[in-house]
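*Asks:* Provided herewith: protein-v3.cif, mmCIF, N, CA and C atoms.
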```cif
data_upload
loop_
_atom_site.label_atom_id
_atom_site.label_comp_id
_atom_site.auth_asym_id
_atom_site.auth_seq_id
_atom_site.Cartn_x
_atom_site.Cartn_y
_atom_site.Cartn_z
N MET A 1158 110.80 93.39 94.76
CA MET A 1158 111.39 93.88 95.99
C MET A 1158 111.00 95.36 96.15
N PRO A 1159 110.57 95.73 97.38
CA PRO A 1159 110.16 97.12 97.59
C PRO A 1159 111.34 98.09 97.52
N THR A 1160 111.04 99.28 97.06
CA THR A 1160 112.07 100.31 96.98
C THR A 1160 112.29 100.92 98.37
N HIS A 1161 113.37 101.67 98.47
CA HIS A 1161 113.68 102.36 99.73
C HIS A 1161 112.54 103.30 100.11
N GLU A 1162 111.97 104.00 99.16
CA GLU A 1162 110.87 104.94 99.42
C GLU A 1162 109.62 104.20 99.89
N GLU A 1163 109.33 103.05 99.30
CA GLU A 1163 108.17 102.26 99.73
C GLU A 1163 108.35 101.77 101.16
N ILE A 1164 109.55 101.36 101.49
CA ILE A 1164 109.84 100.91 102.86
C ILE A 1164 109.68 102.06 103.84
N LYS A 1165 110.19 103.23 103.49
CA LYS A 1165 110.05 104.41 104.35
C LYS A 1165 108.57 104.76 104.54
N ALA A 1166 107.80 104.70 103.47
CA ALA A 1166 106.38 105.02 103.56
C ALA A 1166 105.65 104.01 104.46
N GLU A 1167 105.98 102.75 104.33
CA GLU A 1167 105.37 101.71 105.16
C GLU A 1167 105.75 101.91 106.63
N ASP A 1168 107.00 102.21 106.90
CA ASP A 1168 107.45 102.47 108.26
C ASP A 1168 106.72 103.67 108.87
N LYS A 1169 106.52 104.69 108.07
CA LYS A 1169 105.81 105.88 108.55
C LYS A 1169 104.36 105.54 108.93
N LYS A 1170 103.71 104.73 108.11
CA LYS A 1170 102.34 104.32 108.42
C LYS A 1170 102.29 103.47 109.68
N ILE A 1171 103.26 102.60 109.87
CA ILE A 1171 103.32 101.76 111.07
C ILE A 1171 103.50 102.62 112.31
N ARG A 1172 104.40 103.58 112.24
CA ARG A 1172 104.61 104.48 113.38
C ARG A 1172 103.35 105.28 113.70
N TYR A 1173 102.67 105.73 112.66
CA TYR A 1173 101.44 106.49 112.83
C TYR A 1173 100.37 105.63 113.52
N LEU A 1174 100.24 104.38 113.08
CA LEU A 1174 99.27 103.48 113.70
C LEU A 1174 99.63 103.22 115.16
N ARG A 1175 100.89 102.99 115.43
CA ARG A 1175 101.32 102.76 116.82
C ARG A 1175 100.99 103.95 117.71
N ARG A 1176 101.22 105.15 117.21
CA ARG A 1176 100.89 106.35 117.99
C ARG A 1176 99.38 106.44 118.23
N MET A 1177 98.60 106.10 117.22
CA MET A 1177 97.15 106.12 117.37
C MET A 1177 96.70 105.09 118.40
N VAL A 1178 97.28 103.91 118.37
CA VAL A 1178 96.95 102.87 119.34
C VAL A 1178 97.33 103.33 120.74
N ASP A 1179 98.55 103.83 120.91
CA ASP A 1179 99.00 104.29 122.22
C ASP A 1179 98.13 105.43 122.75
N PHE A 1180 97.81 106.38 121.88
CA PHE A 1180 96.97 107.50 122.29
C PHE A 1180 95.59 107.01 122.73
N THR A 1181 95.01 106.12 121.94
CA THR A 1181 93.66 105.63 122.25
C THR A 1181 93.66 104.82 123.54
N MET A 1182 94.68 104.01 123.75
CA MET A 1182 94.75 103.23 124.99
C MET A 1182 94.89 104.16 126.19
N THR A 1183 95.70 105.19 126.07
CA THR A 1183 95.86 106.16 127.15
C THR A 1183 94.54 106.90 127.40
N LEU A 1184 93.86 107.26 126.35
CA LEU A 1184 92.56 107.93 126.47
C LEU A 1184 91.57 107.04 127.23
N ILE A 1185 91.53 105.77 126.88
CA ILE A 1185 90.61 104.85 127.56
C ILE A 1185 90.98 104.71 129.03
N ILE A 1186 92.27 104.60 129.32
CA ILE A 1186 92.73 104.42 130.70
C ILE A 1186 92.47 105.66 131.54
N ASP A 1187 92.82 106.82 131.00
CA ASP A 1187 92.87 108.05 131.80
C ASP A 1187 91.58 108.87 131.84
N THR A 1188 90.57 108.44 131.12
CA THR A 1188 89.33 109.22 131.15
C THR A 1188 88.21 108.37 131.75
N ASP A 1189 87.15 109.03 132.08
CA ASP A 1189 86.01 108.38 132.71
C ASP A 1189 84.94 108.07 131.66
N MET A 1190 85.33 107.31 130.64
CA MET A 1190 84.38 106.99 129.58
C MET A 1190 83.65 105.70 129.90
N SER A 1191 82.55 105.50 129.22
CA SER A 1191 81.77 104.28 129.41
C SER A 1191 82.38 103.13 128.61
N LEU A 1192 81.91 101.94 128.90
CA LEU A 1192 82.34 100.76 128.17
C LEU A 1192 82.03 100.91 126.68
N GLU A 1193 80.86 101.44 126.38
CA GLU A 1193 80.47 101.62 124.98
C GLU A 1193 81.39 102.60 124.26
N GLU A 1194 81.75 103.68 124.95
CA GLU A 1194 82.67 104.66 124.34
C GLU A 1194 84.04 104.03 124.11
N ALA A 1195 84.52 103.27 125.07
CA ALA A 1195 85.82 102.61 124.91
C ALA A 1195 85.79 101.64 123.73
N ALA A 1196 84.71 100.90 123.60
CA ALA A 1196 84.58 99.96 122.48
C ALA A 1196 84.53 100.71 121.15
N ARG A 1197 83.85 101.85 121.13
CA ARG A 1197 83.80 102.66 119.90
C ARG A 1197 85.19 103.19 119.52
N HIS A 1198 85.95 103.62 120.51
CA HIS A 1198 87.30 104.11 120.24
C HIS A 1198 88.18 102.99 119.68
N ALA A 1199 88.10 101.82 120.29
CA ALA A 1199 88.88 100.67 119.81
C ALA A 1199 88.47 100.30 118.39
N ALA A 1200 87.18 100.32 118.11
CA ALA A 1200 86.70 100.03 116.75
C ALA A 1200 87.17 101.09 115.76
N GLY A 1201 87.24 102.32 116.21
CA GLY A 1201 87.73 103.40 115.34
C GLY A 1201 89.19 103.20 114.96
N VAL A 1202 89.98 102.72 115.90
CA VAL A 1202 91.39 102.45 115.59
C VAL A 1202 91.49 101.31 114.59
N ARG A 1203 90.63 100.31 114.73
CA ARG A 1203 90.64 99.20 113.77
C ARG A 1203 90.30 99.71 112.36
N GLU A 1204 89.30 100.55 112.26
CA GLU A 1204 88.93 101.12 110.96
C GLU A 1204 90.08 101.95 110.38
N PHE A 1205 90.73 102.71 111.24
CA PHE A 1205 91.88 103.50 110.82
C PHE A 1205 92.98 102.59 110.27
N ALA A 1206 93.26 101.50 110.97
CA ALA A 1206 94.28 100.54 110.53
C ALA A 1206 93.90 99.91 109.20
N GLU A 1207 92.62 99.62 109.01
CA GLU A 1207 92.16 99.04 107.74
C GLU A 1207 92.37 100.00 106.58
N ARG A 1208 92.18 101.29 106.85
CA ARG A 1208 92.41 102.29 105.79
C ARG A 1208 93.90 102.42 105.47
N LEU A 1209 94.74 102.36 106.51
CA LEU A 1209 96.18 102.46 106.28
C LEU A 1209 96.74 101.22 105.59
N PHE A 1210 96.22 100.05 105.97
CA PHE A 1210 96.75 98.77 105.48
C PHE A 1210 95.60 97.89 104.97
N PRO A 1211 95.05 98.22 103.81
CA PRO A 1211 93.94 97.44 103.27
C PRO A 1211 94.35 95.97 103.08
N GLY A 1212 93.45 95.09 103.48
CA GLY A 1212 93.71 93.66 103.32
C GLY A 1212 94.56 93.04 104.41
N LYS A 1213 94.94 93.83 105.41
CA LYS A 1213 95.80 93.32 106.49
C LYS A 1213 95.06 93.29 107.84
N GLU A 1214 93.75 93.13 107.79
CA GLU A 1214 92.96 93.14 109.02
C GLU A 1214 93.38 92.04 109.97
N ASN A 1215 93.82 90.91 109.43
CA ASN A 1215 94.22 89.79 110.28
C ASN A 1215 95.42 90.15 111.15
N VAL A 1216 96.31 91.00 110.66
CA VAL A 1216 97.46 91.43 111.44
C VAL A 1216 96.99 92.28 112.62
N TYR A 1217 96.06 93.18 112.37
CA TYR A 1217 95.50 94.00 113.45
C TYR A 1217 94.85 93.09 114.49
N ASP A 1218 94.08 92.11 114.02
CA ASP A 1218 93.39 91.20 114.94
C ASP A 1218 94.35 90.39 115.79
N LEU A 1219 95.52 90.12 115.27
CA LEU A 1219 96.53 89.36 116.03
C LEU A 1219 97.33 90.24 116.98
N VAL A 1220 97.60 91.47 116.59
CA VAL A 1220 98.52 92.32 117.35
C VAL A 1220 97.79 93.26 118.29
N TYR A 1221 96.86 94.04 117.77
CA TYR A 1221 96.27 95.12 118.56
C TYR A 1221 94.93 94.77 119.20
N ALA A 1222 94.11 93.99 118.56
CA ALA A 1222 92.79 93.65 119.13
C ALA A 1222 92.91 93.02 120.52
N PRO A 1223 93.84 92.08 120.73
CA PRO A 1223 93.96 91.51 122.09
C PRO A 1223 94.39 92.54 123.13
N ARG A 1224 95.21 93.51 122.74
CA ARG A 1224 95.62 94.56 123.68
C ARG A 1224 94.42 95.40 124.11
N PHE A 1225 93.58 95.78 123.15
CA PHE A 1225 92.39 96.55 123.49
C PHE A 1225 91.43 95.72 124.33
N LYS A 1226 91.28 94.45 123.99
CA LYS A 1226 90.38 93.57 124.74
C LYS A 1226 90.83 93.47 126.20
N ARG A 1227 92.13 93.24 126.42
CA ARG A 1227 92.66 93.15 127.79
C ARG A 1227 92.45 94.46 128.55
N LEU A 1228 92.73 95.57 127.88
CA LEU A 1228 92.58 96.87 128.51
C LEU A 1228 91.13 97.11 128.93
N ILE A 1229 90.20 96.83 128.06
CA ILE A 1229 88.79 97.06 128.35
C ILE A 1229 88.31 96.11 129.46
N ILE A 1230 88.74 94.86 129.41
CA ILE A 1230 88.37 93.91 130.47
C ILE A 1230 88.90 94.40 131.81
N ASP A 1231 90.17 94.83 131.83
CA ASP A 1231 90.77 95.30 133.08
C ASP A 1231 90.10 96.58 133.60
N LYS A 1232 89.89 97.53 132.71
CA LYS A 1232 89.33 98.82 133.15
C LYS A 1232 87.91 98.67 133.67
N PHE A 1233 87.12 97.86 133.00
CA PHE A 1233 85.71 97.75 133.37
C PHE A 1233 85.41 96.49 134.18
N MET A 1234 86.48 95.82 134.63
CA MET A 1234 86.39 94.62 135.48
C MET A 1234 85.36 93.63 134.95
N LEU A 1235 85.57 93.21 133.72
CA LEU A 1235 84.62 92.33 133.04
C LEU A 1235 84.94 90.84 133.20
N SER A 1236 86.08 90.52 133.77
CA SER A 1236 86.43 89.10 133.84
C SER A 1236 85.70 88.36 134.93
#
```
Any chance you could put this one into structure tokens?
*Replies:*
Amino acid sequence: MPTHEEIKAEDKKIRYLRRMVDFTMTLIIDTDMSLEEAARHAAGVREFAERLFPGKENVYDLVYAPRFKRLIIDKFMLS
């Protein structure tokens, strides 16, 4: 069973990742970047998440990857 400190540390990492996701999504929405730049930013967040949570890439792919995909499709009218 995880200790109170381990739980706090995990919560801190989750909050940090959420802020990074929110910031990156806002950056993609509010700036005049290219599709390639937006894709690079989204990939950078994925790499960041992998460093924070090694071995949990599948969680990122389930939770955040679809959000970035929808955002990029909507912004660049790819559908």
*Asks:* List as a PDB file with N, CA and C atoms, in the frame of the given file the protein and nucleic acid residues near Met1177 in chain A, meaning an atom at most 7 Å away when all atoms listed in the file are counted, but skip any in the same chain fewer than 5 places from it.
*Replies:*
```
ATOM      1  N   ARG A1172     104.400 103.580 112.240  1.00  0.00           N
ATOM      2  CA  ARG A1172     104.610 104.480 113.380  1.00  0.00           C
ATOM      3  C   ARG A1172     103.350 105.280 113.700  1.00  0.00           C
ATOM      4  N   MET A1182      94.680 104.010 123.750  1.00  0.00           N
ATOM      5  CA  MET A1182      94.750 103.230 124.990  1.00  0.00           C
ATOM      6  C   MET A1182      94.890 104.160 126.190  1.00  0.00           C
ATOM      7  N   VAL A1202      89.980 102.720 115.900  1.00  0.00           N
ATOM      8  CA  VAL A1202      91.390 102.450 115.590  1.00  0.00           C
ATOM      9  C   VAL A1202      91.490 101.310 114.590  1.00  0.00           C
TER      10      VAL A1202
END
```
*Asks:* With distances taken over only C-alpha atoms, which residue among A:Asp1187, A:Asp1218, A:Glu1193, A:Glu1207 lies nearest Ile1171 in chain A?
*Replies:*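 The shortest atom-to-atom distance to Ile1171 in chain A comes from A:Glu1207.
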*Asks:* Grab the atom N of Asp1231 in chain A to CA of Phe1210 in chain A distance for me, in Å with one decimal place.
*Replies:*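 Rounded to one decimal, the two atoms are 27.4 Å apart.
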*Asks:* Which value, in Å to one decimal, gives the distance between atom C of Phe1233 in chain A and atom N of Arg1208 in chain A?
*Replies:*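 Taking atom C of Phe1233 in chain A as the start and atom N of Arg1208 in chain A as the end point, the length is 28.6 Å.
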*Asks:* Quick one: of A:Ile1164, A:Lys1232, A:His1198, A:Leu1209, who's nearest to Asp1179 in chain A, counting only C-alpha atoms?
*Replies:*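 With only C-alpha atoms as the atom set, the closest residue is A:His1198.
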*Asks:* Kindly extract all protein, DNA and RNA residues lying within 10 Å of the coordinates (93.6, 100.8, 117.3) given in the file, considering only C-alpha atoms, and supply them as a list of chain:residue names.
*Replies:*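 The distance filter leaves exactly A:Leu1174, A:Arg1175, A:Arg1176, A:Met1177, A:Val1178, A:Asp1179, A:Phe1180, A:Thr1181, A:Met1182, A:His1198, A:Ala1199, A:Ala1200, A:Gly1201, A:Val1202, A:Arg1203, A:Glu1204, A:Phe1205, A:Ala1206, A:Glu1207, A:Tyr1217, A:Asp1218, A:Val1220, A:Tyr1221, A:Ala1222, A:Arg1224, A:Phe1225.
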*Asks:* Pick out each residue of chain A that DSSP on the backbone tags as alpha helix (DSSP H); I need them as an MDAnalysis selection string.
*Replies:* chainID A and resid 1161:1187 1192:1209 1214:1220 1222:1232
*Asks:* Would you mind reading off the distance between CA of Lys1170 in chain A and CA of Ile1186 in chain A, one decimal, in Å?
*Replies:* 24.3 Å
*Asks:* Kindly compute an axis-aligned box around the listed atoms of range 1179-1198 of chain A, allowing 3 Å on each side, and express its centre and edge lengths in Å to one decimal as JSON.
*Replies:*
```
{"center_x": 89.7, "center_y": 104.6, "center_z": 126.1, "size_x": 24.5, "size_y": 15.3, "size_z": 19.2}
```
